[in-house]
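Heads up: the structure comes next, in structure tokens.
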Amino acid sequence: MKRELPTGMQILAAREQASDAAIARILTPEALAFVAQLHRQFEPRRQALLGARGERSRRLDAGERPDFLPETAEIRSGDWRIAPLPPALHCRRVEITGPVERKMIINALNSGADSYMSDFEDSNAPSWANQIEGQLNLFDAIRRQIDFETQGKAYRLNERTATLLVRPRGWHLDEKHVTIDGERVSGGIFDFALYFFHNARELLARGAGPYFYLPKMESHLEARLWNDIFCAAQDALGLPRGTIKATVLIETILATFEMDEILYELREHSAGLNAGRWDYIFSCIKKFGRDRDFCLAERSQITMNVPFMRAYALLLLKTCHKRGAPAIGGMSALIPIKNDPEKNAVAMKGIVADKRRDATDGYDGGWVAHPGLVSAAMAEFISVLGERPNQIDKQRDDVTVGAQDLLDFRPETPITEAGVRNNINVGIHYLGSWLAGNGCVPIHNLMEDAATAEISRSQVWQWIRSPKGVLEDGRKLTADLVREWAPQELARIIDHVGPAAASTYERAAEVFVDMSCREDFVEFLTLPLYELMD
């Protein structure tokens, strides 16, 4: 690409992979220089923290179990609170989430939800076009100059819109199309830097601010890195420290033992915690999958009411409110079902029950994946909160959660052939859609993203290796059975998506089977897949 780039930076993408408008308005010399500044200052620490993750995983594989950190006991027992929240983040009863796609952004902002988490991570397939066009879409939305037309229908913003929050990629993900001094840039730094550079002042002028969600962290030291990046970014743009606010997704089992510490590290910039349930289940399987005594029942049985998930949800809630921070509930995968009133009624009943539990427990809000769910979810929170914007004052001193509660991985059964086949089917279907550029996919009346696909393949991998990975009919799940069933599930998927897409889904099936049956465990399925993407 011929453009003025900071010294040492290369962009390894063809011009046609993103529009000229996106390139001209987003990849400006000044914005790229800001990316380079943050990369050079913080990339060594990111790499060191990723190395620490690997070392911790090796200790867990050898039998170590997590516990609350003795060296940070004073933080957990201390009497401190996060900095006051800006008015725009007081009321977050319902948050809708979705990728940074133009139509999705308009519909989400117009949905009636209090907040919208626009996603560069799990619900977004990170092709170069998606990342850069997504930045342009947000740029336009913030300035209320976004529109979209398809099949004679025009989409534009309503007068009142949801508060915007943005999720950059996690620490484990690179942006392979941009290198600085021969190193790939962190995907998270790249997403954050471009969005913050272009939009922070504009957001403040409009009565909001640069608000973020931070994914996949495993320790308070990883939160400290984000906090230091926030300080450097605000200083560079001449904005007061504390302008940025960020909600941390607690979606790893290790982060659960450091929630106080994570809030403390980000206390000047904190907007609370979110219970990221699907990645949390995946994290448990990943971290303890080599333990012969560990086994989780199939995904449909792992609800928010099983012991380890209930302990996690209540501890998060108690921790947040003790520190004056919002506690935001996670996502039910259920979505509205068109053309089947009976199934739709069941799905809506599930959504209502999920949000009712969160609101009654004391959560300040919860997530939905579809505009059609906003009103039902909102009704459940309003029934508890009334006109109050949140219930942070609801302290849960009655909750006592110890390490043993967080590690109580029940139930272990059932594991059925239908459940295994569903994991294979969902995994292949999602991976094929992801390779085609879509990271948020309705499959079997559920909204699937990278987190739910991770559960699908990690469960299969773990069941093959665990002596407890036995089907209800007595058969031991083996790699041979997975290899036998995968082509059958692939055929069903191709019948659904059509033969024109067959080659993409065949490649996805190869990746799924390899990742499920190989001896080593690939840390994230998106890592090898990303190398196959433009």
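Following the order of the structure tokens, first chain is A, next is B, and so on, with residues numbered from 1 inside each chain and ligands from 1 in the order they appear.
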*asked:* What's around Ala376 in chain A at 10 Å? Count only C-alpha atoms, leave out sequence neighbours fewer than 3 positions away in its own chain, and write the answer as a PyMOL selection string.
replied: chain A and resi 94+348-349+351-352+355-356+368+372-373+379-381
Using only C-alpha atoms, which residues of range 290-398 of chain A come within 10 Å of range 412-428 of chain A, and what is the closest atom pair for each, with the distance in Å to one decimal? Give it as CSV, sorted by chain and residue number.
residue,atom,partner,partner_atom,distance
A:Asp293,CA,A:Glu412,CA,10.0
A:Phe294,CA,A:Glu412,CA,8.1
A:Cys295,CA,A:Glu412,CA,5.4
A:Leu296,CA,A:Glu412,CA,4.5
A:Ala297,CA,A:Thr413,CA,4.4
A:Glu298,CA,A:Ile415,CA,5.5
A:Arg299,CA,A:Gly419,CA,7.7
A:Ser300,CA,A:Gly419,CA,8.1
A:Gln301,CA,A:Pro414,CA,7.9
A:Ile302,CA,A:Glu412,CA,9.5
Could you turn the residues from that selection into a file that holds N, CA and C atoms, as a short mmCIF file (atom, residue, chain, number, x, y, z; two decimals), in the first residue's frame?
data_model
loop_
_atom_site.label_atom_id
_atom_site.label_comp_id
_atom_site.auth_asym_id
_atom_site.auth_seq_id
_atom_site.Cartn_x
_atom_site.Cartn_y
_atom_site.Cartn_z
N ASP A 293 -9.66 -36.57 36.65
CA ASP A 293 -10.86 -36.52 37.47
C ASP A 293 -11.84 -35.44 37.04
N PHE A 294 -11.45 -34.62 36.05
CA PHE A 294 -12.31 -33.53 35.60
C PHE A 294 -13.15 -33.99 34.42
N CYS A 295 -14.43 -33.66 34.47
CA CYS A 295 -15.30 -33.90 33.31
C CYS A 295 -16.56 -33.08 33.49
N LEU A 296 -16.98 -32.40 32.45
CA LEU A 296 -18.24 -31.67 32.48
C LEU A 296 -19.26 -32.38 31.60
N ALA A 297 -20.51 -32.36 32.04
CA ALA A 297 -21.60 -32.86 31.21
C ALA A 297 -21.70 -32.03 29.94
N GLU A 298 -22.52 -32.49 29.01
CA GLU A 298 -22.65 -31.77 27.75
C GLU A 298 -23.21 -30.37 27.98
N ARG A 299 -22.98 -29.51 27.02
CA ARG A 299 -23.20 -28.07 27.18
C ARG A 299 -24.61 -27.73 27.65
N SER A 300 -25.62 -28.42 27.17
CA SER A 300 -26.99 -28.08 27.53
C SER A 300 -27.25 -28.23 29.03
N GLN A 301 -26.41 -29.00 29.71
CA GLN A 301 -26.60 -29.24 31.14
C GLN A 301 -25.87 -28.21 32.01
N ILE A 302 -24.96 -27.43 31.41
CA ILE A 302 -24.15 -26.49 32.20
C ILE A 302 -24.87 -25.14 32.20
#
*Quick one: residues within 10 Å of Tyr505 in chain A, only C-alpha atoms counted, chain neighbours fewer than 4 positions away excluded, as number ranges by chain?*
A: 428-436, 490-491, 493-494, 497, 499, 501, 509-511
Residues of the last selection are to be written out with C-alpha atoms, as a PDB file, in the first residue's frame.
ATOM      1  CA  ILE A 428     -18.012 -27.097  12.060  1.00  0.00           C
ATOM      2  CA  HIS A 429     -20.913 -24.807  11.180  1.00  0.00           C
ATOM      3  CA  TYR A 430     -19.477 -21.917  13.172  1.00  0.00           C
ATOM      4  CA  LEU A 431     -15.924 -22.352  11.895  1.00  0.00           C
ATOM      5  CA  GLY A 432     -17.182 -22.392   8.301  1.00  0.00           C
ATOM      6  CA  SER A 433     -19.142 -19.186   8.854  1.00  0.00           C
ATOM      7  CA  TRP A 434     -16.142 -17.589  10.574  1.00  0.00           C
ATOM      8  CA  LEU A 435     -13.863 -18.419   7.638  1.00  0.00           C
ATOM      9  CA  ALA A 436     -16.476 -16.812   5.372  1.00  0.00           C
ATOM     10  CA  LEU A 490     -20.802 -31.914   7.634  1.00  0.00           C
ATOM     11  CA  ALA A 491     -23.290 -33.330   5.124  1.00  0.00           C
ATOM     12  CA  ILE A 493     -24.539 -28.560   7.340  1.00  0.00           C
ATOM     13  CA  ILE A 494     -23.969 -28.441   3.586  1.00  0.00           C
ATOM     14  CA  VAL A 497     -26.019 -23.756   3.711  1.00  0.00           C
ATOM     15  CA  PRO A 499     -23.344 -26.690  -2.056  1.00  0.00           C
ATOM     16  CA  ALA A 501     -20.194 -23.039   0.269  1.00  0.00           C
ATOM     17  CA  ALA A 509     -14.496 -29.775   9.287  1.00  0.00           C
ATOM     18  CA  GLU A 510     -10.826 -30.641   8.763  1.00  0.00           C
ATOM     19  CA  VAL A 511      -9.813 -27.982  11.295  1.00  0.00           C
TER      20      VAL A 511
END
_I'd like the interatomic distance between CA of Arg156 in chain A and CA of Phe139 in chain A, to a tenth of an Å._
14.6 Å
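Coordinates place CA of Asn110 in chain A at a distance of 24.3 Å from CA of Leu194 in chain A.
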